[in-house]
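Take a look at the structure below.
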There are 2 protein chains.
Amino acid sequence: MSLLVTGSIGLDTVETPHGSGQDILGGSSIYFSLAASLFCDVRLVGVVGDDFDLELLDPLHKKGIDTSGVEVRKGSKTFRWKARYDGAMNDAETLGVELNVLGERAAEIPESFRDSAFVFLANSHPALQLGFAEQMRDARLLVADTMNLWIENERDQLEQTLRAVHGLLLNEAEARQLTNQANLVSAGRKILELGPRFVIIKKGEHGSLLVSHDDLFVMPAFPTENTIDPTGCGDTFAGAMMGYLAGKDAIDTAALRSAMARGSVVASFVIESLSIDALAAAGESDVAARLDALKKMARFD
Amino acid sequence: MSLLVTGSIGLDTVETPHGSGQDILGGSSIYFSLAASLFCDVRLVGVVGDDFDLELLDPLHKKGIDTSGVEVRKGSKTFRWKARYDGAMNDAETLGVELNVLGERAAEIPESFRDSAFVFLANSHPALQLGFAEQMRDARLLVADTMNLWIENERDQLEQTLRAVHGLLLNEAEARQLTNQANLVSAGRKILELGPRFVIIKKGEHGSLLVSHDDLFVMPAFPTENTIDPTGCGDTFAGAMMGYLAGKDAIDTAALRSAMARGSVVASFVIESLSIDALAAAGESDVAARLDALKKMARFD
């Protein structure tokens with residue numbers, strides 16, 4: 001089945017202890033799309049300014065990602081993000097954000113994309129997410145991501161969005177902030193009361209946690225020693241997870257668990273380079289090999 | 001096989017958002033012994049002052065723990081620790097420590113305990129640990145715990161101790177501090193260069209990581225919503241882990257993984273009350289039920 005993603009496309013300037021890049025391709029929907037394309041057909045909806053070099057999307061076209069939903073808006077400028085990672089490489093320190101075109105009206109979902117059965121609303125203003133969700137109301141699976149900014153400043157709007165989606169992805173600090181619960185299982189259960197049928201709490205190097213009405217699942221991260229740049233890790237996890245579900249056309253509990261395992265594995269590639277390079281280079285056999293390794297690393301009696 | 005543990009016996013004063021206790025039984029070897037006693041015969045070596053009410057050890061005697069290695073030292077005072085946990089319940093803020101008898105000469109290992117095949121040296125000054133390790137040189141498995149204080153102030157001594165043991169347990173902050181590596185897998189590998197055949201890095205609510213020359217294993221924590229008091233969690237994990245190995249008389253990779261699973265499960269009980277109450281109340285069938293649940297919660301294809 002086809003998977004539709006809406007989210008940011010940006011130019012990132014990133015400093016890490018292992019290297020840095022200026023105006024490199026970034027944005028949630030970019031990482032998401034590349035990861036998802038390992039498993040299914042991907043349709044990308046987003047908006048850039050007329051300063052955006054469309055050749056940057058070539059790696060997406062090589063993976064068969066349909067970018068006909070990317071609008072190049074005349075007179076607008078592309079979203080830019082500047083950040084630095086310290087030695088522990090877990091949290092980015094944001095040095096600057098230029099919303100630019102992301103602060104204007106939303107991208108349009110092309111008519112040809114409206115039959116997408118699987119939809120992911122990457123992090124953006126919850127009012128925009130709700131607009132997309134309402135347009136894609138017949139989707140089999142609608143999942144959203146969010147962030148601390150909206151939890152703090154747009155809670156009512158966010159709660160409306162949560163009632164319109166089937167699943168929510170967020171990180172552990174966000175889950176605690178949204179629910180005022182320190183315990184992540186309790187936080188997950190509180191989020192279920194807000195509407196979603198399942199919530200996946202991302203814990204970075206510590207893996208992820210699935211809480212749903214009929215399941216509780218703990219997924220380790222793929223342990224890796226080669227962290228160059230963690231940017232896009234969560235979006236890559238989401239892309240592989242949603243891509244797996246769309247590829248299998250499945251939304252049951254066992255499929256969700258398998259999907260999170262693919263998320264862990266594919267996210268382990270993206271951190272091994274700046275920008276999308278290592279992610280774009282990972283093929284199906286690389287993913288299969290690390291999945292096999294992860295299964296062995298997590299087995300116990 | 002018999003398991004010998006040396007470590008602290010103390011009187012704790014603990015404040016948590018869910019309750020508090022004054023001069024309640026605590027100390028690493030207490031939690032360790034009770035957890036280990038679920039799986040094997042336990043021999044406890046430690047020292048208290050003459051202010052210690054020996055009836056506090058009754059719960060240990062009920063579990064068949066041999067406390068004949070507990071010395072009551074005349075004219076000395078028992079170790080005391082005062083701490084507070086905030087809402088997140090992960091890190092204790094130490095409000096006061098009275099080393100008292102722990103700052104004097106070490107406890108003696110009774111002659112009748114010298115044939116113990118499994119030995120755990122709970123956190124104490126590395127010179128004391130080394131002294132015990134040298135007395136128990138013929139043990140089949142010698143494992144030590146340590147802490148930030150010794151890593152910072154007694155590194156040479158600690159490195160000597162690490163060359164005398166087969167395994168090391170420590171938490172993630174300590175592993176990073178000891179090796180100057182942010183990545184925990186890299187930290188684990190560095191620790192192997194210091195001597196131990198394996199290292200287990202405890203990550204609190206995020207589980208634990210085993211690094212050895214022939215294995216890399218990620219173990220989730222048992223997810224629980226009922227955290228009353230995390231004191232003793234790491235020592236309980238260690239006790240169940242070592243107890244399982246001693247009970248099976250096994251030290252291979254598969255046994256280590258199984259042992260860590262028991263550690264995760266038994267640690268999930270201790271946090272459900274102040275002091276040892278919930279741990280002492282947990283029986284074999286309770287442990288078996290949570291182990292079964294944990295296996296189900298961690299399964300994926």
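We name chains A, B, ... following the order of the structure tokens; residues begin at 1 in each chain, and ligands are numbered from 1 as shown.
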Could you list, as a PyMOL selection string, the residues of chain B having an atom within 10 Å of chain A when counting only C-alpha atoms?
chain B and resi 86-90+176+180-187+203+205-210+215-227+254-262+291-301
Hey, what does DSSP flag as strand (DSSP E) within segment 30-237 of chain B? Can you give it to me as a ChimeraX atom specification?
/B:42-49,66-73,79-85,92-98,118-121,141-145,167-171,198-202,208-212,215-219
Residue neighbourhood segment 12-28 of chain A, 8 Å, only C-alpha atoms, exclusion window fewer than 4 positions, as a ChimeraX atom specification:
/A:7-8,32,56,80-87,89,122-123,228-229,232,235,274-276
Applying 7 Å and only C-alpha atoms, which residues near Leu170 of chain B remain after dropping the ones on its own chain fewer than 5 positions away? List them as a VMD selection string.
chain B and resid 145 to 146 175 200 to 202
In terms of only C-alpha atoms, the residue from A:Leu57, A:Leu162, A:Met242, A:Cys40 at minimal distance from Leu141 of chain A is A:Met242
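With only C-alpha atoms as the atoms that count, the residue of A:Phe52, A:Phe132, A:Phe198, A:Tyr31 with the shortest distance to Asp252 of chain A is A:Phe198.
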